[in-house]
Structure formats: structure tokens, C-alpha cells
Amino acid sequence: MSIQLSNVAKHFGRTTALEPLDLEIGDGELVGLLGPSGSGKTTLLRIIAGLERADSGTIRFGERDVTRVHVRDRRIGFVFQHYALFRHMSVFDNVAFGLTVLPRRERPSRGEIRARVQRLLEMVRLEAFADRYPAQLSGGQQQRVSLARALALKPDVLLLDEPFGALDAKVRQDLRRWLRRLHDELNFTSVFVTHDQEEALELSDRVVVMSDGRIEQIDAPETLYRRPANRFVFEFLGDVNRLEGDVRDGQFVCGAARLAVDLDDGREELLLRPHELRLAEAPSERAHMPVCVTAVSPVGAEVRVELEADWLAEPWLATVRHADFERLAIRRGQRLFVEPHRWHRFDGAAARRVTAGAS
Amino acid sequence: MHRIGDTPGTRRLLIGLAVLLAALFLLLPLVAIFAQAFAEGVTTFWANLSDEYTLAAIGLTLFVALLTIPVNLVFGVFLAWLVTRFAFPGRRLLQTLIDIPFAVSPVVAGLVYLLLYGRNGWIGGWLDSHDIQLMFAWPGIVMVTLFVTCPFVARELIPLMQAQGAREEEAAVTLGASGWTVFRRVTLPNIRWALLYGVILTNARAVGEFGAVSVVSGSIRGETNTLPLHVELLYQDYNTVGAFTAASLLALIALLTLAAKAGLEWRAARRETAA
């Protein structure tokens with residue numbers, strides 16, 4: 001079931017939660033709403049669900065206008081941030097709840113409810129826990145119960161509010177993969193809210209980046225990362241190193257640092273990703289940027305190196321491959337040279353992306 | 001290792017003092033009530049108890065409690081639901097208003113009701129012209145009892161419902177439950193112990209209320225005399241044993257209330273450790 005929002009806006013008292021926005025989500029799509037807290041992403045999700053009423057605009061599920069349809073009739077499944085399981089009911093009763101509150105003529109028989117709940121519990125691999133109470137389950141198990149509960153009525157749309165926020169990294173990874181598989185199998189339309197860019201980029205078909213009640217960009221994860229629409233998106237989607245200086249005759253100058261660029265003369269700010277910095281023992285002819293290593297963290301796929309220099313306002317972060325790390329024998333206090341092989345630049349006023357240059 | 005001040009001497013002194021005070025001010029009066037009630041033997045106790053006016057007072061007291069509890073149960077749940085589940089202007093004010101019956105002296109409450117609903121009162125005058133008498137009759141007693149006991153249920157529920165939040169109820173609605181189903185199957189089970197606790201307190205106060213009731217009742221023997229008022233009447237009649245017999249009934253109700261309250265608390269503690 002596709003979802004179409006047009007001109008949807010929301011105020012809470014005098015604060016604007018959502019500026020009028022349009023959003024279209026295709027049938028069977030998995031879309032992530034990404035943004036910092038207060039960006040309006042949860043409000044948008046709750047408006048789609050019908051838990052919050054928009055001040056204006058229309059919401060359509062497929063051909064059906066649901067703007068004035070009550071939550072209970074929208075045929076949505078909602079997974080709450082802290083699961084919101086019914087604490088006084090067993091896992092079985094939690095999952096069965098939606099089926100047991102159906103009007104009598106639509107309600108399946110007891111036996112059928114039992115069989116359906118059993119199937120759902122098998123799907124979330126919790127069949128052995130049917131008689132437990134929520135408080136006796138781990139966070140990941142509670143999350144799976146709440147998913148099974150939301151899916152019990154075969155909703156057209158599954159909405160998830162920070163579904164993995166409260167879980168530890170390992171469980172989060174497992175659940176993410178599992179949700180993706182479940183989505184591909186059952187093919188419902190899902191929208192989830194997250195503030196974790198990695199989660200949004202990994203899980204979604206498309207990501208909606210939000211800030212201050214506005215949609216900044218809607219794109220597939222790869223496009224989003226490669227071609228951020230503006231400075232906010234760029235900065236939100238990963239670590240950023242900043243460099244401010246003057247351009248004169250094709251040379252970007254900032255204190256002792258120099259970098260060859262093909263820009264017009266004037267004041268400029270360049271933004272650089274940590275993995276777009278190369279470290280070398282000597283300056284090259286395009287770049288002369290002396291730095292000092294202040295910290296090294298070799299945990300993970302890449303080595304994170306913190307750099308400082310008197311021409312830098314704040315320390316930089318560079319990620320280098322373990323091979324380069326060993327070749328250069330990087331250690332704290334070492335003096336090296338940075339050679340950016342890519343940088344980004346945004347128009348100051350509109351914060352729109354202007355150019356990306358390579359050296 | 002002793003904490004500061006924790007020497008065997010001080011400990012014994014403090015515990016001894018606490019026990020002494022508790023015995024002197026709490027236990028002894030309680031024992032005295034029953035001792036006085038049975039001072040002239042079980043037969044007199046029984047005779048006092050089965051006295052026509054005493055029975056009428058017991059009846060009226062139970063009748064008032066029986067009317068008060070359901071009304072304040074519904075009112076308290078409604079109020080707690082309103083205050084914790086909705087945002088509206090004046091919500092804080094309403095929360096403060098709930099506490100007025102706690103803050104104000106019951107005698108004042110009784111006087112205000114008398115002023116409003118008495119025969120010469122603002123509303124009472126009009127009612128009187130329609131032959132409706134509230135004050136110095138059982139409706140007046142019920143009204144002031146309702147006023148005095150109305151915060152108990154709401155006060156128990158509001159902090160609990162605030163802590164639990166509305167998420168479970170929202171979840172139930174997304175699963176298609178109607179408002180009444182949400183209340184019956186999600187809200188009520190989550191608040192039932194606090195609710196029962198509130199009812200027990202309401203009952204204790206409804207049965208024991210003296211100040212407000214004494215102003216509006218008129219203490220007509222056999223008609224508008226509740227048990228606490230009856231105790232006073234008997235005492236003023238120099239019928240000490242009779243007064244203490246009635247008092248022993250009130251004390252018994254208080255003890256039962258305490259036992260029920262302790263039982264609930266014990267249960268709640270056990271549920272928490274199990275969870």
C-alpha cells in the first residue's frame with residue numbers, strides 16, 4: 001500500500017513541529033525517517049499512524065483518503081520506541097490482542113487465533129516464550145514481541161518509532177538484518193524513524209532526512225551519501241572536517257597550510273570526510289598541510305587518527321587503512337602531511353551543495 | 001565497622017524510645033478502647049451494640065460509605081484519566097483543586113455546604129421552596145462525605161498513570177481497540193491495585209469522618225446520626241461504656257483497613273521482585 005502525504009503541517013502551541021511537506025512512499029518500500037531529535041520525524045510518523053492529527057494537508061493510503069480516519073481503522077501496525085507491551089499480559093496475549101478485539105463477526109475462532117499467534121511467534125522465534133510476561137524478556141525479545149503484535153492483523157503499513165534505539169549494538173545488528181528479511185518476505189510498506197544514520201542507510205530503500213520540521217532530502221542511501229543536497233545532510237551523514245581560508249590564484253591558504261584548488265579568489269570553507277584524507281610523510285605538490293598526530297584508535301576496519309595543527313581551529317579525524325597505518329608507523333606525536341583527495345563546498349546562505357573538488 | 005552514632009548504646013536507646021512512644025501514643029489508646037468497651041462484660045457490650053440507635057448509626061454510616069465509594073471511584077478514575085492523558089489549559093489548576101478537600105478543615109467544608117444548601121442558603125432556599133431538604137438529612141451527610149473523600153482515588157492514580165504513560169493505550173488503539181476496550185483491558189488492569197488502595201482509604205475516611213458531618217447532620221438520633229457522631233453523643237450522655245462500644249467498632253474498621261492496606265502493599269512488593 002503506497003502512502004502519500006501532501007501539504008501536511010503540524011504545530012504544537014506556538015512551536016512548529018512540521019512545516020508543510022509532501023512525501024510519497026511506494027508500495028512495498030522500506031523508508032527511513034532520519035534526523036536529529038526535534039526534527040519532527042516522530043511527529044511525522046505519528047501523523048501517518050493517526051496518533052497525531054495534522055493541522056492541514058491530506059494523507060492517502062493507496063487510493064484511500066485516511067486524513068480523517070481514526071487510528072483504529074487505518075489498518076496500520078505501530079511499533080513503539082520502548083515497545084509498549086501490555087505489561088500485565090503474557091507474550092501470547094500481547095500478540096493475540098489485536099485479533100481478540102475485532103468485532104465479533106470478524107473475529108476468528110479461539111482455535112484460529114491460537115494457531116495464528118503460534119505462527120507469528122514462530123516467525124519472531126519466540127514460540128518457547130508464549131507464557132512469559134514482558135518484564136521477563138530481554139530488550140531484543142520484547143522488540144520482537146511488539147513486532148509480532150503489530151503484524152498480527154496483517155497491516156497495510158508498518159510504522160516503527162526508533163525500533164532499535166534501546167538495544168545494544170550486537171542485538172541491533174541482528175534485528176536490523178532480520179527486519180529487512182521479514183520486510184522482503186511479507187512485502188508490507190514500512191516507515192521507520194531513527195536518529196542513527198548508519199541504521200537508516202543500511203536498512204532503507206530510501207531515506208528521508210529531516211531537520212527543524214522540514215524534509216532536507218529524499219534519496220536512496222547511496223545517492224544521499226554521494227550527493228548530499230545541502231550542508232545539513234552532508235554533516236549529518238558522517239564525520240566532517242572543516243577548513244576555512246582564502247583562495248588566491250588557485251591556492252587555498254590557511255595559515256601554514258596550502259591546497260591547490262580551482263576556485264575563484266575569496267573566502268571559502270571546505271568540508272572533508274575522514275576517509276578522503278590521505279596521510280603522507282612528505283608534502284605533495286598540490287597540498288602542503290602539516291599536522292601532528294594526537295590520538296590513534298586502531299579498533300575496527302580502519303584506523304582512526306586524530307590530527308592537530310596550529311592552522312586548524314578544531315582537531316581533524318582521518319581514517320586510514322591498517323596497511324597504510326603500518327607502513328607509515330603512525331604513532332602519537334608524529335608529524336605528517338595531509339593530502340585530501342576530495343573535498344566539498346556548500347553555498348553559505350542557502351547551504352546548498354555547490355561543488356565537490358578532487359586533488 | 002560502625003557508622004557514626006551507631007553504637008549499641010545509642011541504638012538500644014533509640015529503639016527503646018520509639019517502642020515506648022508507639023506503645024504510649026498508638027497502642028495503649030487502641031487497647032483502652034476495647035478495654036473500655038468490654039469494661040462491664042460481654043453482655044453489656046452486646047446490649048450496647050444492639051441498642052436501637054447504635055444499630056441505626058451503623059446502618060447510616062455503612063449506607064453513606066456505600067454511596068460515597070462508587071461515586072468517588074468513578075470520579076477519581078475520570079479525574080486521573082483527564083489529568084494524565086490530556087493536555088488542556090487549566091490542567092495544573094485542576095490538579096491543585098483536587099487537593100482542596102485535603103487542605104481545608106472538614107468543619108469549614110461542612111459550614112460552606114450549610115451556607116449553600118441550608119434552608120437559608122443560596123441554593124438551599126430555592127430547593128426548600130421545592131420541598132427538597134438536603135441539610136440535616138442523609139443527602140447532606142453523603143454530600144460532605146463525598147467532598148471530604150474525593151481526592152483519595154485520584155491521588156493514588158495520578159502519579160501511577162503519569163509514570164506508566166499512555167503508550168500501552170496508544171498501542172491498544174493502533175491494534176483496533178475501542179475506547180472502552182482500551183480502558184477495560186489495558187488501563188484498568190494496570191491501575192487496579194492503586195485503585196483498590198484508593199477505595200480502601202476512601203472507605204476509611206467515609207466511615208470515620210466527624211467534622212464536616214457533624215455540621216450538616218443535626219445529629220438526630222436514629223435518623224442522621226453516624227457512628228462517629230453517635231460516639232460523641234453517648235459520651236456526652238455519660239454513657240462511657242456505650243461510647244467506647246461504638247468507638248470499638250470504628251477502631252475495628254480501622255484495623256481491617258490497615259490489614260487490607262498492608263496486604264496490598266505486600267502484594268505489590270512481591271510483584272515487583274517477581275518482575
# chains A, B, ... in the order shown; residues from 1 in each chain; ligands from 1
>>> interface_residues(of="chain A", to="chain B", cutoff="9 Å", atoms="only C-alpha atoms", output="JSON, numbers by chain")
{"A": [49, 50, 51, 71, 72, 73, 74, 75, 76, 77, 78, 79, 80, 82, 83, 84, 85, 86, 87, 88, 97, 98, 99, 101, 102, 133, 134, 135, 136, 149, 150, 152, 153]}
>>> write_last_selection(atoms="N, CA and C atoms", output="compact mmCIF listing (two decimals), in the first residue's frame")
# COMPACT_ATOMS: atom_id res chain seq x y z
N ALA A 49 0.40 7.48 11.26
CA ALA A 49 -0.32 6.46 12.01
C ALA A 49 -1.73 6.92 12.38
N GLY A 50 -1.89 8.24 12.56
CA GLY A 50 -3.16 8.75 13.04
C GLY A 50 -3.16 8.96 14.54
N LEU A 51 -2.01 8.80 15.18
CA LEU A 51 -1.91 9.05 16.62
C LEU A 51 -1.84 10.55 16.89
N VAL A 71 -7.21 6.19 14.06
CA VAL A 71 -6.09 5.23 14.11
C VAL A 71 -6.57 3.79 14.00
N ARG A 72 -7.64 3.49 14.76
CA ARG A 72 -8.01 2.08 14.86
C ARG A 72 -8.55 1.54 13.55
N ASP A 73 -8.91 2.44 12.64
CA ASP A 73 -9.45 1.98 11.36
C ASP A 73 -8.47 2.17 10.21
N ARG A 74 -7.24 2.59 10.53
CA ARG A 74 -6.31 2.86 9.43
C ARG A 74 -5.59 1.62 8.93
N ARG A 75 -5.72 0.54 9.65
CA ARG A 75 -5.02 -0.71 9.31
C ARG A 75 -3.51 -0.50 9.25
N ILE A 76 -2.98 0.02 10.35
CA ILE A 76 -1.54 0.17 10.46
C ILE A 76 -1.03 -0.71 11.59
N GLY A 77 0.24 -1.07 11.50
CA GLY A 77 0.89 -1.69 12.64
C GLY A 77 1.88 -0.68 13.16
N PHE A 78 1.93 -0.50 14.48
CA PHE A 78 2.83 0.51 15.03
C PHE A 78 3.72 -0.15 16.07
N VAL A 79 5.02 0.04 15.91
CA VAL A 79 5.96 -0.49 16.90
C VAL A 79 6.52 0.71 17.66
N PHE A 80 6.27 0.73 18.98
CA PHE A 80 6.64 1.90 19.77
C PHE A 80 8.09 1.84 20.20
N HIS A 82 9.67 2.23 23.07
CA HIS A 82 10.03 1.31 24.15
C HIS A 82 9.05 0.15 24.19
N TYR A 83 8.61 -0.25 23.01
CA TYR A 83 7.80 -1.46 22.77
C TYR A 83 6.35 -1.35 23.25
N ALA A 84 6.13 -0.68 24.41
CA ALA A 84 4.76 -0.51 24.92
C ALA A 84 3.99 -1.82 24.95
N LEU A 85 4.64 -2.88 25.37
CA LEU A 85 3.92 -4.16 25.53
C LEU A 85 2.97 -4.03 26.70
N PHE A 86 1.86 -4.77 26.64
CA PHE A 86 0.93 -4.77 27.77
C PHE A 86 1.57 -5.56 28.90
N ARG A 87 1.93 -4.85 29.97
CA ARG A 87 2.79 -5.49 30.97
C ARG A 87 2.09 -6.57 31.77
N HIS A 88 0.75 -6.50 31.81
CA HIS A 88 0.03 -7.48 32.62
C HIS A 88 -0.44 -8.68 31.80
N PHE A 97 -3.81 -9.80 21.09
CA PHE A 97 -4.70 -8.69 21.44
C PHE A 97 -5.50 -8.15 20.26
N GLY A 98 -4.79 -7.82 19.18
CA GLY A 98 -5.46 -7.23 18.02
C GLY A 98 -6.56 -8.12 17.47
N LEU A 99 -6.32 -9.43 17.51
CA LEU A 99 -7.32 -10.37 16.99
C LEU A 99 -8.52 -10.48 17.93
N VAL A 101 -9.77 -8.19 19.85
CA VAL A 101 -10.64 -7.01 19.94
C VAL A 101 -11.38 -6.73 18.64
N LEU A 102 -11.25 -7.63 17.67
CA LEU A 102 -12.02 -7.46 16.44
C LEU A 102 -13.51 -7.59 16.75
N TYR A 133 5.97 -13.12 30.73
CA TYR A 133 5.49 -11.75 30.77
C TYR A 133 6.58 -10.82 30.25
N PRO A 134 6.20 -9.65 29.70
CA PRO A 134 7.20 -8.75 29.09
C PRO A 134 8.40 -8.50 29.99
N ALA A 135 8.15 -8.32 31.32
CA ALA A 135 9.26 -7.99 32.21
C ALA A 135 10.29 -9.12 32.29
N GLN A 136 9.89 -10.32 31.87
CA GLN A 136 10.82 -11.45 31.96
C GLN A 136 11.62 -11.64 30.67
N ARG A 149 3.13 -8.50 17.45
CA ARG A 149 1.85 -7.93 17.82
C ARG A 149 1.35 -6.98 16.72
N ALA A 150 2.29 -6.17 16.19
CA ALA A 150 1.91 -5.20 15.16
C ALA A 150 1.54 -5.89 13.85
N ALA A 152 0.15 -8.90 13.58
CA ALA A 152 -0.90 -9.91 13.74
C ALA A 152 -2.12 -9.63 12.88
N LEU A 153 -2.41 -8.34 12.65
CA LEU A 153 -3.62 -8.00 11.89
C LEU A 153 -3.32 -7.78 10.41
>>> closest_residue(among="B:Thr224, B:Ser105, B:Ser214, B:Gln133", to="Val64 in chain B", atoms="only C-alpha atoms")
B:Thr224
>>> atom_distance(atom1="CA of Thr145 in chain B", atom2="CA of Ser50 in chain B")
25.6 Å
>>> select_by_dssp(residues="range 142-355 of chain A", states="strand (DSSP E)", output="tab-separated table (two decimals) with N, CA and C atoms, in the first residue's frame")
chain	number	residue	atom	x	y	z
A	157	VAL	N	0.38	-1.10	6.39
A	157	VAL	CA	1.54	-0.24	6.61
A	157	VAL	C	2.12	-0.56	7.98
A	158	LEU	N	3.43	-0.74	8.05
A	158	LEU	CA	4.07	-0.96	9.35
A	158	LEU	C	4.91	0.27	9.68
A	159	LEU	N	4.63	0.85	10.85
A	159	LEU	CA	5.35	2.05	11.26
A	159	LEU	C	6.16	1.75	12.50
A	160	LEU	N	7.43	2.13	12.50
A	160	LEU	CA	8.29	1.80	13.64
A	160	LEU	C	8.98	3.07	14.15
A	161	ASP	N	8.82	3.32	15.44
A	161	ASP	CA	9.42	4.51	16.05
A	161	ASP	C	10.70	4.11	16.77
A	189	THR	N	4.48	-2.20	3.32
A	189	THR	CA	5.15	-0.91	3.24
A	189	THR	C	5.57	-0.52	4.65
A	190	SER	N	6.82	-0.16	4.83
A	190	SER	CA	7.19	0.25	6.19
A	190	SER	C	7.92	1.58	6.22
A	191	VAL	N	7.67	2.29	7.31
A	191	VAL	CA	8.35	3.56	7.56
A	191	VAL	C	8.92	3.46	8.96
A	192	PHE	N	10.20	3.76	9.13
A	192	PHE	CA	10.74	3.75	10.48
A	192	PHE	C	11.50	5.03	10.76
A	193	VAL	N	11.53	5.37	12.03
A	193	VAL	CA	12.19	6.59	12.47
A	193	VAL	C	13.50	6.23	13.14
A	194	THR	N	14.55	6.96	12.85
A	194	THR	CA	15.81	6.71	13.54
A	194	THR	C	16.64	7.99	13.56
A	206	ARG	N	14.87	3.97	0.65
A	206	ARG	CA	15.10	5.41	0.54
A	206	ARG	C	15.12	6.03	1.92
A	207	VAL	N	15.87	7.10	2.07
A	207	VAL	CA	15.96	7.77	3.36
A	207	VAL	C	15.41	9.19	3.21
A	208	VAL	N	14.59	9.57	4.20
A	208	VAL	CA	14.09	10.94	4.25
A	208	VAL	C	14.87	11.65	5.35
A	209	VAL	N	15.70	12.62	4.98
A	209	VAL	CA	16.47	13.33	6.01
A	209	VAL	C	15.69	14.57	6.42
A	210	MET	N	15.51	14.72	7.74
A	210	MET	CA	14.71	15.83	8.24
A	210	MET	C	15.50	16.68	9.23
A	211	SER	N	15.19	17.98	9.24
A	211	SER	CA	15.69	18.84	10.31
A	211	SER	C	14.72	19.99	10.48
A	214	ARG	N	11.45	20.14	8.59
A	214	ARG	CA	11.48	20.18	7.12
A	214	ARG	C	12.13	18.93	6.59
A	215	ILE	N	11.77	18.56	5.35
A	215	ILE	CA	12.48	17.48	4.69
A	215	ILE	C	13.66	18.09	3.94
A	216	GLU	N	14.86	17.63	4.24
A	216	GLU	CA	16.05	18.18	3.60
A	216	GLU	C	16.36	17.46	2.30
A	217	GLN	N	16.16	16.16	2.30
A	217	GLN	CA	16.45	15.39	1.10
A	217	GLN	C	15.79	14.02	1.19
A	218	ILE	N	15.33	13.52	0.04
A	218	ILE	CA	14.80	12.16	-0.02
A	218	ILE	C	15.56	11.45	-1.13
A	219	ASP	N	16.27	10.40	-0.79
A	219	ASP	CA	17.04	9.70	-1.81
A	219	ASP	C	17.41	8.30	-1.34
A	241	ASN	N	35.36	17.14	8.60
A	241	ASN	CA	36.47	18.03	8.98
A	241	ASN	C	36.27	19.36	8.27
A	242	ARG	N	36.43	20.46	9.01
A	242	ARG	CA	36.19	21.78	8.42
A	242	ARG	C	37.52	22.50	8.22
A	243	LEU	N	37.53	23.32	7.17
A	243	LEU	CA	38.73	24.12	6.91
A	243	LEU	C	38.31	25.44	6.29
A	244	GLU	N	38.68	26.54	6.95
A	244	GLU	CA	38.32	27.85	6.44
A	244	GLU	C	39.57	28.59	6.03
A	245	GLY	N	39.53	29.27	4.88
A	245	GLY	CA	40.71	30.02	4.45
A	245	GLY	C	40.40	30.87	3.24
A	246	ASP	N	41.47	31.43	2.64
A	246	ASP	CA	41.31	32.31	1.48
A	246	ASP	C	41.87	31.64	0.24
A	247	VAL	N	41.19	31.89	-0.87
A	247	VAL	CA	41.69	31.39	-2.15
A	247	VAL	C	42.35	32.55	-2.89
A	248	ARG	N	43.60	32.31	-3.31
A	248	ARG	CA	44.28	33.31	-4.13
A	248	ARG	C	45.03	32.59	-5.25
A	251	GLN	N	45.18	28.88	-5.20
A	251	GLN	CA	45.77	28.29	-3.99
A	251	GLN	C	44.87	28.60	-2.81
A	252	PHE	N	44.46	27.54	-2.08
A	252	PHE	CA	43.69	27.73	-0.84
A	252	PHE	C	44.71	27.85	0.28
A	253	VAL	N	44.65	28.96	1.00
A	253	VAL	CA	45.65	29.18	2.04
A	253	VAL	C	44.98	29.36	3.39
A	254	CYS	N	45.53	28.67	4.37
A	254	CYS	CA	45.02	28.80	5.75
A	254	CYS	C	46.22	28.62	6.65
A	257	ALA	N	49.00	26.06	5.94
A	257	ALA	CA	48.50	25.04	5.01
A	257	ALA	C	48.19	25.63	3.65
A	258	ARG	N	48.49	24.85	2.61
A	258	ARG	CA	48.18	25.27	1.24
A	258	ARG	C	47.59	24.10	0.50
A	259	LEU	N	46.63	24.41	-0.39
A	259	LEU	CA	46.00	23.35	-1.17
A	259	LEU	C	45.63	23.93	-2.53
A	260	ALA	N	46.01	23.21	-3.59
A	260	ALA	CA	45.67	23.67	-4.94
A	260	ALA	C	44.20	23.39	-5.21
A	266	GLY	N	38.73	34.47	-2.97
A	266	GLY	CA	37.77	34.87	-1.93
A	266	GLY	C	37.83	33.92	-0.75
A	267	ARG	N	36.95	34.24	0.24
A	267	ARG	CA	36.88	33.43	1.46
A	267	ARG	C	36.12	32.13	1.15
A	268	GLU	N	36.63	31.00	1.63
A	268	GLU	CA	35.97	29.72	1.35
A	268	GLU	C	35.99	28.82	2.58
A	269	GLU	N	34.99	27.95	2.69
A	269	GLU	CA	35.05	26.89	3.70
A	269	GLU	C	34.94	25.56	2.99
A	270	LEU	N	35.90	24.68	3.24
A	270	LEU	CA	35.88	23.35	2.63
A	270	LEU	C	35.53	22.33	3.70
A	271	LEU	N	34.79	21.31	3.28
A	271	LEU	CA	34.44	20.22	4.20
A	271	LEU	C	35.04	18.93	3.66
A	272	LEU	N	35.63	18.15	4.55
A	272	LEU	CA	36.31	16.94	4.12
A	272	LEU	C	35.91	15.76	4.99
A	277	LEU	N	40.92	11.80	3.39
A	277	LEU	CA	42.23	12.37	3.71
A	277	LEU	C	43.28	11.26	3.58
A	278	ARG	N	44.35	11.57	2.84
A	278	ARG	CA	45.48	10.64	2.78
A	278	ARG	C	46.57	11.21	3.68
A	279	LEU	N	47.29	10.34	4.37
A	279	LEU	CA	48.39	10.81	5.20
A	279	LEU	C	49.70	10.41	4.53
A	280	ALA	N	50.65	11.32	4.55
A	280	ALA	CA	51.95	11.02	3.91
A	280	ALA	C	53.07	11.62	4.76
A	287	ALA	N	49.37	19.79	-2.32
A	287	ALA	CA	48.96	20.08	-0.95
A	287	ALA	C	50.15	20.13	-0.01
A	288	HIS	N	50.12	21.17	0.82
A	288	HIS	CA	51.13	21.27	1.87
A	288	HIS	C	50.37	21.53	3.17
A	290	PRO	N	50.79	20.45	6.98
A	290	PRO	CA	51.47	19.74	8.06
A	290	PRO	C	50.57	19.57	9.29
A	291	VAL	N	50.55	18.35	9.83
A	291	VAL	CA	49.74	18.09	11.03
A	291	VAL	C	50.53	17.23	12.01
A	292	CYS	N	49.98	17.15	13.23
A	292	CYS	CA	50.61	16.34	14.26
A	292	CYS	C	49.58	15.34	14.77
A	293	VAL	N	49.97	14.06	14.89
A	293	VAL	CA	49.05	13.03	15.35
A	293	VAL	C	48.86	13.16	16.86
A	294	THR	N	47.60	13.27	17.32
A	294	THR	CA	47.38	13.42	18.76
A	294	THR	C	46.73	12.19	19.38
A	295	ALA	N	46.08	11.36	18.57
A	295	ALA	CA	45.47	10.14	19.13
A	295	ALA	C	45.29	9.12	18.01
A	296	VAL	N	45.39	7.85	18.38
A	296	VAL	CA	45.26	6.77	17.40
A	296	VAL	C	44.34	5.71	17.98
A	297	SER	N	43.31	5.30	17.22
A	297	SER	CA	42.44	4.22	17.67
A	297	SER	C	42.36	3.15	16.60
A	302	GLU	N	39.07	0.20	10.02
A	302	GLU	CA	40.04	1.24	9.69
A	302	GLU	C	40.60	1.82	10.97
A	303	VAL	N	41.75	2.50	10.84
A	303	VAL	CA	42.37	3.14	11.99
A	303	VAL	C	41.93	4.59	12.02
A	304	ARG	N	41.44	5.02	13.17
A	304	ARG	CA	41.03	6.42	13.31
A	304	ARG	C	42.17	7.21	13.91
A	305	VAL	N	42.55	8.27	13.20
A	305	VAL	CA	43.70	9.06	13.63
A	305	VAL	C	43.24	10.50	13.86
A	306	GLU	N	43.56	11.05	15.05
A	306	GLU	CA	43.19	12.43	15.32
A	306	GLU	C	44.37	13.33	15.05
A	307	LEU	N	44.11	14.43	14.36
A	307	LEU	CA	45.20	15.31	13.91
A	307	LEU	C	44.98	16.72	14.44
A	308	GLU	N	46.10	17.37	14.78
A	308	GLU	CA	46.00	18.77	15.18
A	308	GLU	C	47.09	19.56	14.49
A	316	TRP	N	41.14	17.40	13.52
A	316	TRP	CA	40.59	16.64	12.40
A	316	TRP	C	40.62	15.16	12.71
A	317	LEU	N	39.76	14.44	12.01
A	317	LEU	CA	39.75	13.00	12.12
A	317	LEU	C	40.04	12.42	10.75
A	318	ALA	N	40.99	11.49	10.70
A	318	ALA	CA	41.28	10.80	9.44
A	318	ALA	C	41.14	9.31	9.67
A	319	THR	N	40.57	8.58	8.70
A	319	THR	CA	40.55	7.13	8.82
A	319	THR	C	41.47	6.57	7.75
A	320	VAL	N	42.37	5.72	8.17
A	320	VAL	CA	43.33	5.15	7.21
A	320	VAL	C	43.27	3.63	7.30
A	321	ARG	N	43.68	2.99	6.20
A	321	ARG	CA	43.68	1.53	6.18
A	321	ARG	C	44.78	1.02	7.10
A	335	ARG	N	54.77	13.76	13.15
A	335	ARG	CA	54.42	14.83	12.23
A	335	ARG	C	54.21	14.26	10.84
A	336	LEU	N	53.07	14.57	10.25
A	336	LEU	CA	52.74	14.04	8.93
A	336	LEU	C	52.16	15.14	8.07
A	337	PHE	N	51.85	14.79	6.81
A	337	PHE	CA	51.20	15.74	5.91
A	337	PHE	C	49.90	15.16	5.42
A	338	VAL	N	48.87	16.00	5.37
A	338	VAL	CA	47.57	15.56	4.88
A	338	VAL	C	47.47	15.89	3.40
A	339	GLU	N	46.92	14.93	2.67
A	339	GLU	CA	46.69	15.20	1.26
A	339	GLU	C	45.24	14.81	0.94
A	340	PRO	N	44.33	15.81	0.90
A	340	PRO	CA	42.93	15.47	0.63
A	340	PRO	C	42.76	15.05	-0.82
A	343	TRP	N	37.18	17.02	-1.67
A	343	TRP	CA	36.62	17.94	-0.69
A	343	TRP	C	35.28	18.46	-1.18
A	344	HIS	N	34.51	19.07	-0.27
A	344	HIS	CA	33.16	19.53	-0.60
A	344	HIS	C	33.00	20.98	-0.20
A	345	ARG	N	32.08	21.63	-0.88
A	345	ARG	CA	31.90	23.04	-0.64
A	345	ARG	C	30.41	23.36	-0.76
A	346	PHE	N	29.90	24.16	0.17
A	346	PHE	CA	28.47	24.50	0.12
A	346	PHE	C	28.31	26.01	0.08
A	353	ARG	N	24.61	22.49	-1.86
A	353	ARG	CA	25.87	21.93	-2.31
A	353	ARG	C	26.26	22.61	-3.61
A	354	VAL	N	27.48	23.09	-3.68
A	354	VAL	CA	27.92	23.78	-4.88
A	354	VAL	C	28.87	22.91	-5.69
A	355	THR	N	29.95	22.54	-5.08
A	355	THR	CA	30.91	21.72	-5.83
A	355	THR	C	31.57	20.70	-4.93
>>> residues_around(residues="Ser37 in chain A", least_positions_apart="2", cutoff="10 Å", atoms="only C-alpha atoms", output="list of chain:residue names")
A:Leu34, A:Gly35, A:Ser39, A:Gly40, A:Lys41, A:Thr42, A:Thr194, A:His195, A:Met210, A:Ser211, A:Asp212
>>> residues_around(residues="Trp81 in chain B", least_positions_apart="2", cutoff="9 Å", atoms="only C-alpha atoms", output="PyMOL selection string")
chain B and resi 76-79+83-86+154+157-158+161
>>> write_last_selection(atoms="N, CA and C atoms", output="compact mmCIF listing (two decimals), in the first residue's frame")
# COMPACT_ATOMS: atom_id res chain seq x y z
N GLY B 76 -12.84 9.67 40.65
CA GLY B 76 -11.38 9.64 40.78
C GLY B 76 -10.72 9.11 39.52
N VAL B 77 -11.25 8.04 38.96
CA VAL B 77 -10.68 7.46 37.74
C VAL B 77 -10.81 8.47 36.59
N PHE B 78 -11.99 9.08 36.51
CA PHE B 78 -12.25 10.06 35.46
C PHE B 78 -11.26 11.23 35.56
N LEU B 79 -11.09 11.71 36.78
CA LEU B 79 -10.21 12.86 37.01
C LEU B 79 -8.76 12.50 36.67
N VAL B 83 -6.46 14.19 33.80
CA VAL B 83 -5.26 14.95 34.12
C VAL B 83 -4.01 14.31 33.50
N THR B 84 -3.99 12.98 33.40
CA THR B 84 -2.76 12.34 32.92
C THR B 84 -2.76 12.04 31.42
N ARG B 85 -3.93 12.07 30.78
CA ARG B 85 -3.97 11.66 29.38
C ARG B 85 -4.27 12.80 28.41
N PHE B 86 -4.63 13.95 28.94
CA PHE B 86 -4.96 15.05 28.05
C PHE B 86 -4.20 16.30 28.46
N ALA B 154 -8.18 9.64 43.13
CA ALA B 154 -7.42 10.37 42.12
C ALA B 154 -5.95 10.51 42.54
N LEU B 157 -4.08 7.40 41.87
CA LEU B 157 -3.95 7.03 40.46
C LEU B 157 -3.03 7.95 39.67
N ILE B 158 -3.09 9.26 39.96
CA ILE B 158 -2.40 10.22 39.10
C ILE B 158 -0.88 9.93 38.98
N MET B 161 -0.42 6.66 36.92
CA MET B 161 -0.75 6.77 35.50
C MET B 161 0.23 7.67 34.77
>>> select_by_dssp(residues="range 35-74 of chain A", states="helix (DSSP H, G or I)", output="list in words")
Lys41, Thr42, Thr43, Leu44, Leu45, Arg46, Ile47, Ile48, Ala49, Val71, Arg72 and Asp73 of chain A
>>> write_last_selection(atoms="C-alpha atoms", output="PDB file, in the first residue's frame")
ATOM      1  CA  LYS A  41      10.438  12.744  12.351  1.00  0.00           C
ATOM      2  CA  THR A  42       8.457  11.088  15.142  1.00  0.00           C
ATOM      3  CA  THR A  43       5.647  13.613  14.735  1.00  0.00           C
ATOM      4  CA  LEU A  44       5.512  12.773  11.032  1.00  0.00           C
ATOM      5  CA  LEU A  45       5.359   9.054  11.807  1.00  0.00           C
ATOM      6  CA  ARG A  46       2.605   9.582  14.374  1.00  0.00           C
ATOM      7  CA  ILE A  47       0.654  11.650  11.844  1.00  0.00           C
ATOM      8  CA  ILE A  48       0.901   8.841   9.294  1.00  0.00           C
ATOM      9  CA  ALA A  49      -0.324   6.457  12.011  1.00  0.00           C
ATOM     10  CA  VAL A  71      -6.087   5.227  14.109  1.00  0.00           C
ATOM     11  CA  ARG A  72      -8.007   2.085  14.863  1.00  0.00           C
ATOM     12  CA  ASP A  73      -9.447   1.979  11.362  1.00  0.00           C
TER      13      ASP A  73
END
>>> residues_around(residues="Ala204 in chain B", least_positions_apart="4", cutoff="9 Å", atoms="only C-alpha atoms", output="ChimeraX atom specification")
/B:65,199-200,208-209,253-254,257
